[in-house]
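Text of my_file.cif, listed as mmCIF, C-alpha atoms and all ligand atoms:
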data_work
loop_
_atom_site.group_PDB
_atom_site.id
_atom_site.type_symbol
_atom_site.label_atom_id
_atom_site.label_comp_id
_atom_site.auth_asym_id
_atom_site.auth_seq_id
_atom_site.Cartn_x
_atom_site.Cartn_y
_atom_site.Cartn_z
ATOM 1 C CA MET A 1 254.885 34.984 62.321
ATOM 2 C CA THR A 2 257.985 36.100 60.399
ATOM 3 C CA TYR A 3 259.111 33.642 57.726
ATOM 4 C CA GLN A 4 262.435 31.953 58.514
ATOM 5 C CA PRO A 5 264.462 31.178 55.342
ATOM 6 C CA GLN A 6 265.211 27.501 54.782
ATOM 7 C CA THR A 7 268.788 26.311 55.291
ATOM 8 C CA GLU A 8 270.553 23.432 53.600
ATOM 9 C CA ALA A 9 271.780 21.934 56.879
ATOM 10 C CA ALA A 10 268.413 22.017 58.648
ATOM 11 C CA THR A 11 266.557 20.411 55.723
ATOM 12 C CA SER A 12 269.138 17.772 54.728
ATOM 13 C CA ARG A 13 267.848 14.145 54.792
ATOM 14 C CA PHE A 14 268.910 10.710 53.516
ATOM 15 C CA LEU A 15 266.991 7.592 52.467
ATOM 16 C CA ASN A 16 268.129 4.244 51.102
ATOM 17 C CA VAL A 17 266.852 3.215 47.676
ATOM 18 C CA GLU A 18 267.195 -0.224 46.079
ATOM 19 C CA GLU A 19 268.373 0.114 42.486
ATOM 20 C CA GLY A 20 269.693 -2.601 40.191
ATOM 21 C CA GLY A 21 270.392 -5.002 43.073
ATOM 22 C CA GLU A 22 272.290 -2.350 45.051
ATOM 23 C CA THR A 23 271.378 -0.019 47.876
ATOM 24 C CA LEU A 24 271.964 3.649 47.092
ATOM 25 C CA ARG A 25 272.020 6.298 49.820
ATOM 26 C CA ILE A 26 270.071 9.199 48.394
ATOM 27 C CA HIS A 27 270.214 12.760 49.668
ATOM 28 C CA PHE A 28 267.412 15.290 49.513
ATOM 29 C CA ASN A 29 266.335 18.486 51.207
ATOM 30 C CA ASP A 30 262.830 18.540 52.693
ATOM 31 C CA CYS A 31 261.589 22.106 53.114
ATOM 32 C CA GLY A 32 258.288 23.429 54.482
ATOM 33 C CA GLN A 33 255.158 21.572 55.462
ATOM 34 C CA GLY A 34 252.454 22.359 52.904
ATOM 35 C CA ASP A 35 249.748 19.888 51.878
ATOM 36 C CA GLU A 36 250.985 20.052 48.269
ATOM 37 C CA THR A 37 254.532 19.034 47.404
ATOM 38 C CA VAL A 38 256.775 20.412 44.677
ATOM 39 C CA VAL A 39 259.778 18.236 43.803
ATOM 40 C CA MET A 40 262.639 20.155 42.204
ATOM 41 C CA LEU A 41 264.977 18.117 39.981
ATOM 42 C CA HIS A 42 268.392 19.524 39.110
ATOM 43 C CA GLY A 43 270.402 19.489 35.866
ATOM 44 C CA SER A 44 273.332 17.307 34.890
ATOM 45 C CA GLY A 45 276.208 19.794 35.168
ATOM 46 C CA PRO A 46 279.241 18.892 37.300
ATOM 47 C CA GLY A 47 278.686 20.103 40.861
ATOM 48 C CA ALA A 48 274.931 20.589 40.398
ATOM 49 C CA THR A 49 272.709 19.741 43.374
ATOM 50 C CA GLY A 50 269.074 20.366 44.182
ATOM 51 C CA TRP A 51 270.018 23.091 46.622
ATOM 52 C CA ALA A 52 272.533 24.786 44.281
ATOM 53 C CA ASN A 53 270.244 24.730 41.223
ATOM 54 C CA PHE A 54 267.194 26.111 43.010
ATOM 55 C CA SER A 55 268.715 28.349 45.693
ATOM 56 C CA ARG A 56 266.621 31.301 44.453
ATOM 57 C CA ASN A 57 263.338 29.385 44.241
ATOM 58 C CA ILE A 58 262.967 27.443 47.492
ATOM 59 C CA ASP A 59 261.883 30.174 49.903
ATOM 60 C CA PRO A 60 259.207 31.783 47.690
ATOM 61 C CA LEU A 61 257.493 28.408 47.190
ATOM 62 C CA VAL A 62 257.770 27.379 50.847
ATOM 63 C CA GLU A 63 256.520 30.797 51.923
ATOM 64 C CA ALA A 64 253.557 30.353 49.569
ATOM 65 C CA GLY A 65 252.612 27.172 51.462
ATOM 66 C CA TYR A 66 254.234 24.355 49.442
ATOM 67 C CA ARG A 67 256.400 21.562 50.759
ATOM 68 C CA VAL A 68 259.509 21.570 48.561
ATOM 69 C CA ILE A 69 261.709 18.517 48.072
ATOM 70 C CA LEU A 70 265.073 18.906 46.377
ATOM 71 C CA LEU A 71 266.424 15.568 45.240
ATOM 72 C CA ASP A 72 270.129 14.963 44.616
ATOM 73 C CA CYS A 73 270.044 12.406 41.792
ATOM 74 C CA PRO A 74 272.473 9.454 42.078
ATOM 75 C CA GLY A 75 275.845 10.721 40.875
ATOM 76 C CA TRP A 76 275.340 14.254 42.220
ATOM 77 C CA GLY A 77 275.763 16.075 45.527
ATOM 78 C CA LYS A 78 275.581 14.011 48.689
ATOM 79 C CA SER A 79 273.823 11.064 47.017
ATOM 80 C CA ASP A 80 275.759 7.891 46.251
ATOM 81 C CA THR A 81 277.578 7.670 42.963
ATOM 82 C CA ILE A 82 276.680 5.368 40.065
ATOM 83 C CA ILE A 83 277.796 4.297 36.604
ATOM 84 C CA ASN A 84 274.661 4.431 34.497
ATOM 85 C CA SER A 85 274.425 2.569 31.209
ATOM 86 C CA GLY A 86 270.677 2.856 30.556
ATOM 87 C CA SER A 87 268.323 5.828 30.454
ATOM 88 C CA ARG A 88 269.418 8.263 33.131
ATOM 89 C CA SER A 89 266.057 10.011 32.889
ATOM 90 C CA ASP A 90 264.330 6.744 33.904
ATOM 91 C CA LEU A 91 266.938 5.964 36.568
ATOM 92 C CA ASN A 92 266.271 9.329 38.241
ATOM 93 C CA ALA A 93 262.517 8.709 37.936
ATOM 94 C CA ARG A 94 262.826 5.331 39.711
ATOM 95 C CA ILE A 95 264.858 6.911 42.511
ATOM 96 C CA LEU A 96 262.269 9.662 42.932
ATOM 97 C CA LYS A 97 259.435 7.094 42.998
ATOM 98 C CA SER A 98 261.098 5.257 45.866
ATOM 99 C CA VAL A 99 261.725 8.505 47.775
ATOM 100 C CA VAL A 100 258.115 9.752 47.490
ATOM 101 C CA ASP A 101 256.828 6.266 48.368
ATOM 102 C CA GLN A 102 258.992 6.163 51.485
ATOM 103 C CA LEU A 103 257.830 9.670 52.436
ATOM 104 C CA ASP A 104 254.232 8.532 51.843
ATOM 105 C CA ILE A 105 253.512 11.367 49.409
ATOM 106 C CA GLN A 106 250.798 10.326 46.965
ATOM 107 C CA LYS A 107 250.989 13.157 44.446
ATOM 108 C CA VAL A 108 253.704 15.662 43.530
ATOM 109 C CA HIS A 109 254.161 18.617 41.247
ATOM 110 C CA LEU A 110 257.455 18.213 39.386
ATOM 111 C CA LEU A 111 259.723 21.108 38.488
ATOM 112 C CA GLY A 112 262.722 19.981 36.458
ATOM 113 C CA ASN A 113 265.720 21.861 35.135
ATOM 114 C CA SER A 114 267.369 20.362 32.030
ATOM 115 C CA MET A 115 268.147 16.727 32.978
ATOM 116 C CA GLY A 116 265.605 17.322 35.751
ATOM 117 C CA GLY A 117 263.003 18.058 33.067
ATOM 118 C CA HIS A 118 263.900 14.831 31.241
ATOM 119 C CA SER A 119 263.543 12.960 34.555
ATOM 120 C CA ALA A 120 260.203 14.628 35.338
ATOM 121 C CA VAL A 121 258.835 13.469 31.966
ATOM 122 C CA ALA A 122 260.168 9.935 32.536
ATOM 123 C CA PHE A 123 258.438 9.858 35.939
ATOM 124 C CA THR A 124 255.158 11.161 34.477
ATOM 125 C CA LEU A 125 255.159 8.616 31.649
ATOM 126 C CA THR A 126 255.610 5.744 34.116
ATOM 127 C CA TRP A 127 253.531 6.950 37.092
ATOM 128 C CA PRO A 128 251.033 9.489 35.658
ATOM 129 C CA GLU A 129 248.661 9.083 38.617
ATOM 130 C CA ARG A 130 251.360 10.418 40.973
ATOM 131 C CA VAL A 131 251.802 13.758 39.151
ATOM 132 C CA GLY A 132 249.852 16.977 39.646
ATOM 133 C CA LYS A 133 251.427 19.616 37.405
ATOM 134 C CA LEU A 134 254.689 19.671 35.487
ATOM 135 C CA VAL A 135 257.096 22.560 35.063
ATOM 136 C CA LEU A 136 259.791 21.775 32.483
ATOM 137 C CA MET A 137 262.632 24.205 32.193
ATOM 138 C CA GLY A 138 265.335 23.894 29.557
ATOM 139 C CA GLY A 139 264.598 20.157 29.329
ATOM 140 C CA GLY A 140 261.933 17.467 29.117
ATOM 141 C CA THR A 141 263.224 15.183 26.407
ATOM 142 C CA GLY A 142 266.433 14.267 24.690
ATOM 143 C CA GLY A 143 266.641 14.177 20.928
ATOM 144 C CA MET A 144 267.863 16.300 18.075
ATOM 145 C CA SER A 145 267.479 19.991 17.387
ATOM 146 C CA LEU A 146 266.159 21.122 14.017
ATOM 147 C CA PHE A 147 268.493 24.099 13.958
ATOM 148 C CA THR A 148 271.486 23.551 16.238
ATOM 149 C CA PRO A 149 274.214 20.961 15.654
ATOM 150 C CA MET A 150 274.381 18.476 18.562
ATOM 151 C CA PRO A 151 276.077 18.163 20.934
ATOM 152 C CA THR A 152 275.634 21.875 21.521
ATOM 153 C CA GLU A 153 278.570 24.117 22.440
ATOM 154 C CA GLY A 154 277.287 24.134 26.028
ATOM 155 C CA ILE A 155 277.141 20.350 26.320
ATOM 156 C CA LYS A 156 280.654 20.093 24.827
ATOM 157 C CA LEU A 157 281.940 22.457 27.524
ATOM 158 C CA LEU A 158 279.995 20.556 30.195
ATOM 159 C CA ASN A 159 281.569 17.260 29.123
ATOM 160 C CA GLY A 160 284.993 18.965 28.963
ATOM 161 C CA LEU A 161 284.557 20.153 32.548
ATOM 162 C CA TYR A 162 283.715 16.615 33.666
ATOM 163 C CA ARG A 163 286.934 15.400 32.020
ATOM 164 C CA GLU A 164 289.128 18.229 33.320
ATOM 165 C CA PRO A 165 287.498 19.744 36.402
ATOM 166 C CA ASN A 166 289.273 23.036 37.025
ATOM 167 C CA ILE A 167 288.346 26.667 37.538
ATOM 168 C CA ASP A 168 289.178 27.723 33.960
ATOM 169 C CA ASN A 169 286.914 25.091 32.435
ATOM 170 C CA LEU A 170 284.215 25.885 34.972
ATOM 171 C CA LYS A 171 284.289 29.564 33.998
ATOM 172 C CA LYS A 172 284.245 28.679 30.289
ATOM 173 C CA MET A 173 281.088 26.629 30.824
ATOM 174 C CA MET A 174 279.336 29.018 33.195
ATOM 175 C CA ASN A 175 280.038 32.007 30.938
ATOM 176 C CA ILE A 176 277.769 30.597 28.262
ATOM 177 C CA PHE A 177 275.427 28.947 30.714
ATOM 178 C CA VAL A 178 273.723 32.234 31.481
ATOM 179 C CA TYR A 179 272.886 35.127 29.154
ATOM 180 C CA ASP A 180 274.645 37.736 31.289
ATOM 181 C CA PRO A 181 277.780 36.299 32.919
ATOM 182 C CA SER A 182 278.390 39.538 34.835
ATOM 183 C CA ASP A 183 275.853 38.172 37.356
ATOM 184 C CA LEU A 184 278.187 35.276 38.172
ATOM 185 C CA THR A 185 280.252 35.963 41.277
ATOM 186 C CA GLU A 186 283.592 34.532 42.378
ATOM 187 C CA ALA A 187 281.743 33.096 45.407
ATOM 188 C CA LEU A 188 279.400 31.190 43.086
ATOM 189 C CA PHE A 189 282.330 29.806 41.047
ATOM 190 C CA GLU A 190 284.105 28.793 44.250
ATOM 191 C CA ALA A 191 281.042 27.050 45.710
ATOM 192 C CA ARG A 192 280.455 25.190 42.451
ATOM 193 C CA LEU A 193 284.132 24.158 42.156
ATOM 194 C CA ASN A 194 284.108 22.915 45.761
ATOM 195 C CA ASN A 195 280.941 20.905 45.077
ATOM 196 C CA MET A 196 282.614 19.330 42.051
ATOM 197 C CA LEU A 197 285.934 18.518 43.643
ATOM 198 C CA ALA A 198 284.323 17.155 46.809
ATOM 199 C CA ARG A 199 283.020 14.221 44.767
ATOM 200 C CA ARG A 200 285.569 13.334 42.083
ATOM 201 C CA ASN A 201 283.983 9.868 41.862
ATOM 202 C CA HIS A 202 280.790 11.511 40.566
ATOM 203 C CA LEU A 203 282.796 13.226 37.822
ATOM 204 C CA GLU A 204 284.656 10.062 36.826
ATOM 205 C CA ASN A 205 281.472 8.006 36.822
ATOM 206 C CA PHE A 206 279.639 10.526 34.638
ATOM 207 C CA ILE A 207 282.346 10.028 31.980
ATOM 208 C CA LYS A 208 282.230 6.233 32.415
ATOM 209 C CA SER A 209 278.445 6.401 32.011
ATOM 210 C CA LEU A 210 278.784 8.380 28.782
ATOM 211 C CA GLU A 211 281.275 5.804 27.506
ATOM 212 C CA ALA A 212 278.839 2.998 28.384
ATOM 213 C CA ASN A 213 275.918 4.831 26.762
ATOM 214 C CA PRO A 214 276.425 8.163 24.973
ATOM 215 C CA LYS A 215 272.632 8.676 24.838
ATOM 216 C CA GLN A 216 271.864 9.013 28.549
ATOM 217 C CA PHE A 217 268.681 11.009 27.844
ATOM 218 C CA PRO A 218 266.309 9.247 25.421
ATOM 219 C CA ASP A 219 264.038 11.069 23.024
ATOM 220 C CA PHE A 220 260.531 10.946 24.514
ATOM 221 C CA SER A 221 258.943 12.774 21.543
ATOM 222 C CA PRO A 222 256.846 9.811 20.338
ATOM 223 C CA ARG A 223 255.295 9.408 23.819
ATOM 224 C CA LEU A 224 254.640 13.027 24.770
ATOM 225 C CA ALA A 225 250.932 12.839 23.831
ATOM 226 C CA GLU A 226 250.475 10.341 26.693
ATOM 227 C CA ILE A 227 251.116 13.153 29.192
ATOM 228 C CA LYS A 228 247.855 14.477 30.600
ATOM 229 C CA ALA A 229 249.320 16.575 33.422
ATOM 230 C CA PRO A 230 248.979 20.333 32.887
ATOM 231 C CA THR A 231 252.468 21.379 31.823
ATOM 232 C CA LEU A 232 254.263 24.701 31.916
ATOM 233 C CA ILE A 233 257.323 24.760 29.661
ATOM 234 C CA VAL A 234 259.909 27.463 30.359
ATOM 235 C CA TRP A 235 262.901 28.252 28.176
ATOM 236 C CA GLY A 236 265.610 30.847 27.737
ATOM 237 C CA ARG A 237 265.661 32.316 24.237
ATOM 238 C CA ASN A 238 269.477 32.334 24.399
ATOM 239 C CA ASP A 239 269.888 28.774 25.711
ATOM 240 C CA ARG A 240 273.189 27.396 24.329
ATOM 241 C CA PHE A 241 272.910 24.001 26.098
ATOM 242 C CA VAL A 242 269.489 22.648 25.172
ATOM 243 C CA PRO A 243 268.162 24.647 22.208
ATOM 244 C CA MET A 244 264.793 26.334 22.412
ATOM 245 C CA ASP A 245 263.256 24.203 19.672
ATOM 246 C CA ALA A 246 263.236 21.301 22.161
ATOM 247 C CA GLY A 247 260.683 23.432 24.032
ATOM 248 C CA LEU A 248 258.620 23.714 20.852
ATOM 249 C CA ARG A 249 258.744 19.927 20.454
ATOM 250 C CA LEU A 250 257.403 19.566 24.008
ATOM 251 C CA LEU A 251 254.705 22.145 23.292
ATOM 252 C CA SER A 252 253.486 20.346 20.192
ATOM 253 C CA GLY A 253 253.687 16.916 21.865
ATOM 254 C CA ILE A 254 252.017 17.617 25.229
ATOM 255 C CA ASN A 255 248.403 18.633 24.617
ATOM 256 C CA GLY A 256 247.796 20.494 27.859
ATOM 257 C CA SER A 257 250.994 22.525 27.739
ATOM 258 C CA GLU A 258 251.937 26.148 27.398
ATOM 259 C CA LEU A 259 255.328 27.734 26.798
ATOM 260 C CA HIS A 260 256.958 30.797 28.305
ATOM 261 C CA ILE A 261 260.148 31.992 26.610
ATOM 262 C CA TYR A 262 262.337 34.463 28.480
ATOM 263 C CA ARG A 263 264.341 36.970 26.509
ATOM 264 C CA ASP A 264 267.919 37.627 27.682
ATOM 265 C CA CYS A 265 268.061 34.205 29.272
ATOM 266 C CA GLY A 266 270.354 31.198 28.922
ATOM 267 C CA HIS A 267 269.986 27.720 30.393
ATOM 268 C CA TRP A 268 269.198 28.761 33.957
ATOM 269 C CA ALA A 269 265.821 30.595 33.796
ATOM 270 C CA GLN A 270 265.063 29.786 37.438
ATOM 271 C CA TRP A 271 268.205 31.661 38.484
ATOM 272 C CA GLU A 272 268.542 34.350 35.818
ATOM 273 C CA HIS A 273 264.917 35.503 36.073
ATOM 274 C CA ALA A 274 264.249 34.168 39.548
ATOM 275 C CA GLU A 275 261.644 36.653 40.739
ATOM 276 C CA SER A 276 259.533 36.482 37.601
ATOM 277 C CA PHE A 277 260.046 32.711 37.335
ATOM 278 C CA ASN A 278 258.861 32.131 40.907
ATOM 279 C CA GLN A 279 255.717 34.184 40.280
ATOM 280 C CA LEU A 280 255.107 32.390 36.975
ATOM 281 C CA VAL A 281 255.356 28.998 38.686
ATOM 282 C CA LEU A 282 253.200 30.015 41.654
ATOM 283 C CA ASP A 283 250.503 31.428 39.361
ATOM 284 C CA TYR A 284 250.586 28.221 37.349
ATOM 285 C CA LEU A 285 250.411 25.933 40.405
ATOM 286 C CA ASN A 286 247.649 27.995 41.997
ATOM 287 C CA ARG A 287 245.570 28.087 38.826
ATOM 288 C CA ALA A 288 242.430 25.915 39.013
HETATM 289 O O1 LIG A 301 272.209 16.996 27.940
HETATM 290 C C1 LIG A 301 271.083 17.349 28.311
HETATM 291 O O2 LIG A 301 270.078 17.256 27.604
HETATM 292 C C2 LIG A 301 270.904 17.899 29.707
HETATM 293 C C3 LIG A 301 271.996 18.850 30.082
HETATM 294 C C4 LIG A 301 271.840 19.356 31.467
HETATM 295 O O3 LIG A 301 271.099 18.801 32.259
HETATM 296 C C5 LIG A 301 272.658 20.451 31.871
HETATM 297 C C6 LIG A 301 272.388 21.047 33.072
HETATM 298 C C7 LIG A 301 273.270 21.872 33.733
HETATM 299 C C8 LIG A 301 272.930 22.384 34.947
HETATM 300 O O4 LIG A 301 271.665 22.584 35.315
HETATM 301 C C9 LIG A 301 273.886 22.788 35.936
HETATM 302 O O5 LIG A 301 275.067 22.543 35.696
HETATM 303 O O6 LIG A 301 273.526 23.395 36.943
#
Could you render the structure from this file as structure tokens?
Amino acid sequence: MTYQPQTEAATSRFLNVEEGGETLRIHFNDCGQGDETVVMLHGSGPGATGWANFSRNIDPLVEAGYRVILLDCPGWGKSDTIINSGSRSDLNARILKSVVDQLDIQKVHLLGNSMGGHSAVAFTLTWPERVGKLVLMGGGTGGMSLFTPMPTEGIKLLNGLYREPNIDNLKKMMNIFVYDPSDLTEALFEARLNNMLARRNHLENFIKSLEANPKQFPDFSPRLAEIKAPTLIVWGRNDRFVPMDAGLRLLSGINGSELHIYRDCGHWAQWEHAESFNQLVLDYLNRA
């Protein structure tokens, strides 16, 4: 039978999650029907969503026989908004735990981009028995860089875009987000701007969260050795948001890990090198 590409509308679902004494309506996309599930966790940029971050990765994994769940973390996409004053990595992990519990999924592979990587590590540290393999891309822990002053130029532009969400600031951020900005189309900018402006409360609450706690993503370095899940770390050599040495920290901390560094690649390996990335991930997941 010919494979039918997944669509956002046909896979869109909502669940309620209790968090901090409140009920949050959480959005996710549920794609495919495989026995094994890959959860994709997006980054923290304004306008990011599961679907937008992983648009080039969903079909190849579903076609290969995986169920793919794309979670919109609270404060992004169609999920409810939140002001977060604790660890956002752990908040996202708690939300994911409730979603997989409600879906009755016992074990998941986690694929996280940037903040999504931080959240995947938080989930694994708290519920290790629920994790198969980890794929951490441009993220996995907060903390300092040995070489790059923090916040990085990318994170400064990201925060600037949250404060002043307009097309000029979006282009400034996206131009250093990827290695080769000539791949970025006006349609992509427009879709991203529309995503952002559709939920101004998300943007305002991200800034309020930073004011309440500037360190939204804790440094998990001292606990990385607790992670037993086989872990594939993926980084762009030219990442100007989360510097590559964070990937080296993950590699030295997580015993069963290996690292793939893409040349000519910024903070969005899954998009910039989609074909190769998809094959890399599938080979890793299929490996005994
Ligand atoms: O500050 C950090 O460590 C995480 C930054 C981050 O998650 C940035 C991600 C950006 C995107 O993935 C996006 O905007 O699509």
Spell out the residues picked by the PyMOL selection byres (((not hetatm)) within 7 of (chain A and resi 301)) here, as a list in words.
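Applying the PyMOL selection byres (((not hetatm)) within 7 of (chain A and resi 301)) to the structure shown produces His42, Gly43, Ser44, Gly45, Pro46, Gly47, Ala48, Asn53, Asn113, Ser114, Met115, Gly116, Gly139, Gly142, Ile155, Phe217, Phe241, Val242 and Trp268 of chain A.
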Determine, using all atoms listed in the file, which residues of segment 58-103 of chain A have any atom at most 10 Å from an atom of segment 218-240 of chain A, and tabulate each with its shortest atom pair and distance in Å to one decimal place, rows ordered by chain and then rising number, as CSV.
residue,atom,partner,partner_atom,distance
A:Gly86,CA,A:Pro218,CA,9.3
A:Ser87,CA,A:Pro218,CA,6.4
A:Arg88,CA,A:Pro218,CA,8.4
A:Ser89,CA,A:Pro218,CA,7.5
A:Asp90,CA,A:Pro218,CA,9.1
Excluding segment 270-280 of chain A and residues on its chain fewer than 4 positions from it, collect all residues at most 12 Å away from it, counting all atoms listed in the file, and give them as a PyMOL selection string.
chain A and resi 40-43+51-64+111-114+135-138+177-184+232-236+238-239+258-266+284-287
Could you turn the residues from that selection into a file that holds C-alpha atoms, as an mmCIF file, keeping the file's coordinate frame?
data_model
loop_
_atom_site.group_PDB
_atom_site.id
_atom_site.type_symbol
_atom_site.label_atom_id
_atom_site.label_comp_id
_atom_site.auth_asym_id
_atom_site.auth_seq_id
_atom_site.Cartn_x
_atom_site.Cartn_y
_atom_site.Cartn_z
ATOM 1 C CA MET A 40 262.639 20.155 42.204
ATOM 2 C CA LEU A 41 264.977 18.117 39.981
ATOM 3 C CA HIS A 42 268.392 19.524 39.110
ATOM 4 C CA GLY A 43 270.402 19.489 35.866
ATOM 5 C CA TRP A 51 270.018 23.091 46.622
ATOM 6 C CA ALA A 52 272.533 24.786 44.281
ATOM 7 C CA ASN A 53 270.244 24.730 41.223
ATOM 8 C CA PHE A 54 267.194 26.111 43.010
ATOM 9 C CA SER A 55 268.715 28.349 45.693
ATOM 10 C CA ARG A 56 266.621 31.301 44.453
ATOM 11 C CA ASN A 57 263.338 29.385 44.241
ATOM 12 C CA ILE A 58 262.967 27.443 47.492
ATOM 13 C CA ASP A 59 261.883 30.174 49.903
ATOM 14 C CA PRO A 60 259.207 31.783 47.690
ATOM 15 C CA LEU A 61 257.493 28.408 47.190
ATOM 16 C CA VAL A 62 257.770 27.379 50.847
ATOM 17 C CA GLU A 63 256.520 30.797 51.923
ATOM 18 C CA ALA A 64 253.557 30.353 49.569
ATOM 19 C CA LEU A 111 259.723 21.108 38.488
ATOM 20 C CA GLY A 112 262.722 19.981 36.458
ATOM 21 C CA ASN A 113 265.720 21.861 35.135
ATOM 22 C CA SER A 114 267.369 20.362 32.030
ATOM 23 C CA VAL A 135 257.096 22.560 35.063
ATOM 24 C CA LEU A 136 259.791 21.775 32.483
ATOM 25 C CA MET A 137 262.632 24.205 32.193
ATOM 26 C CA GLY A 138 265.335 23.894 29.557
ATOM 27 C CA PHE A 177 275.427 28.947 30.714
ATOM 28 C CA VAL A 178 273.723 32.234 31.481
ATOM 29 C CA TYR A 179 272.886 35.127 29.154
ATOM 30 C CA ASP A 180 274.645 37.736 31.289
ATOM 31 C CA PRO A 181 277.780 36.299 32.919
ATOM 32 C CA SER A 182 278.390 39.538 34.835
ATOM 33 C CA ASP A 183 275.853 38.172 37.356
ATOM 34 C CA LEU A 184 278.187 35.276 38.172
ATOM 35 C CA LEU A 232 254.263 24.701 31.916
ATOM 36 C CA ILE A 233 257.323 24.760 29.661
ATOM 37 C CA VAL A 234 259.909 27.463 30.359
ATOM 38 C CA TRP A 235 262.901 28.252 28.176
ATOM 39 C CA GLY A 236 265.610 30.847 27.737
ATOM 40 C CA ASN A 238 269.477 32.334 24.399
ATOM 41 C CA ASP A 239 269.888 28.774 25.711
ATOM 42 C CA GLU A 258 251.937 26.148 27.398
ATOM 43 C CA LEU A 259 255.328 27.734 26.798
ATOM 44 C CA HIS A 260 256.958 30.797 28.305
ATOM 45 C CA ILE A 261 260.148 31.992 26.610
ATOM 46 C CA TYR A 262 262.337 34.463 28.480
ATOM 47 C CA ARG A 263 264.341 36.970 26.509
ATOM 48 C CA ASP A 264 267.919 37.627 27.682
ATOM 49 C CA CYS A 265 268.061 34.205 29.272
ATOM 50 C CA GLY A 266 270.354 31.198 28.922
ATOM 51 C CA TYR A 284 250.586 28.221 37.349
ATOM 52 C CA LEU A 285 250.411 25.933 40.405
ATOM 53 C CA ASN A 286 247.649 27.995 41.997
ATOM 54 C CA ARG A 287 245.570 28.087 38.826
#
In Å, how far is it from atom CA of Asn159 of chain A to atom CA of Ser209 of chain A?
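Calculated distance between atom CA of Asn159 of chain A and atom CA of Ser209 of chain A is 11.7 Å.
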Counting only C-alpha atoms, what is within 9 Å of segment 26-39 of chain A, bar same-chain residues fewer than 2 positions away, as JSON, numbers by chain?
{"A": [6, 7, 8, 9, 10, 11, 12, 13, 14, 15, 16, 17, 24, 41, 50, 51, 58, 59, 61, 62, 63, 64, 65, 66, 67, 68, 69, 70, 71, 72, 73, 74, 77, 78, 79, 80, 95, 96, 99, 105, 107, 108, 109, 110, 111, 112]}
Taking 3 positions as the minimum chain separation for residues in the same chain, which residues sit within 12 Å of Glu190 of chain A when counting only C-alpha atoms? Answer as a list in words.
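Here the qualifying residues turn out to be Gly47, Asn166, Ile167, Asp168, Leu170, Lys171, Leu184, Thr185, Glu186, Ala187, Leu193, Asn194, Asn195, Met196, Leu197 and Ala198 of chain A.
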Just want the 9 Å neighbourhood of Asp245 of chain A, counted on only C-alpha atoms, with same-chain residues fewer than 5 positions away dropped. Output as number ranges by chain.
A: 145-148, 250
The distance between atom CA of Ser119 of chain A and atom CA of Lys97 of chain A is 11.1 Å
Hey, can you check how far atom CA of Asn213 of chain A sits from atom CA of Arg130 of chain A?
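One can read the atom CA of Asn213 of chain A to atom CA of Arg130 of chain A distance as 28.9 Å.
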Rank A:Leu282, A:Met174, A:Ala191, A:Met144 by their smallest atom-to-atom distance to Ala246 of chain A, using all atoms listed in the file, and report the top residue only.
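For Ala246 of chain A, the nearest of the candidates is A:Met144.
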List the neighbours of Ile82 of chain A out to 12 Å using only C-alpha atoms; skip same-chain residues closer than 3 positions along the sequence, and give me the result as a ChimeraX atom specification.
/A:19-20,22-26,73-76,79,85-86,88,91-92,199,201-210
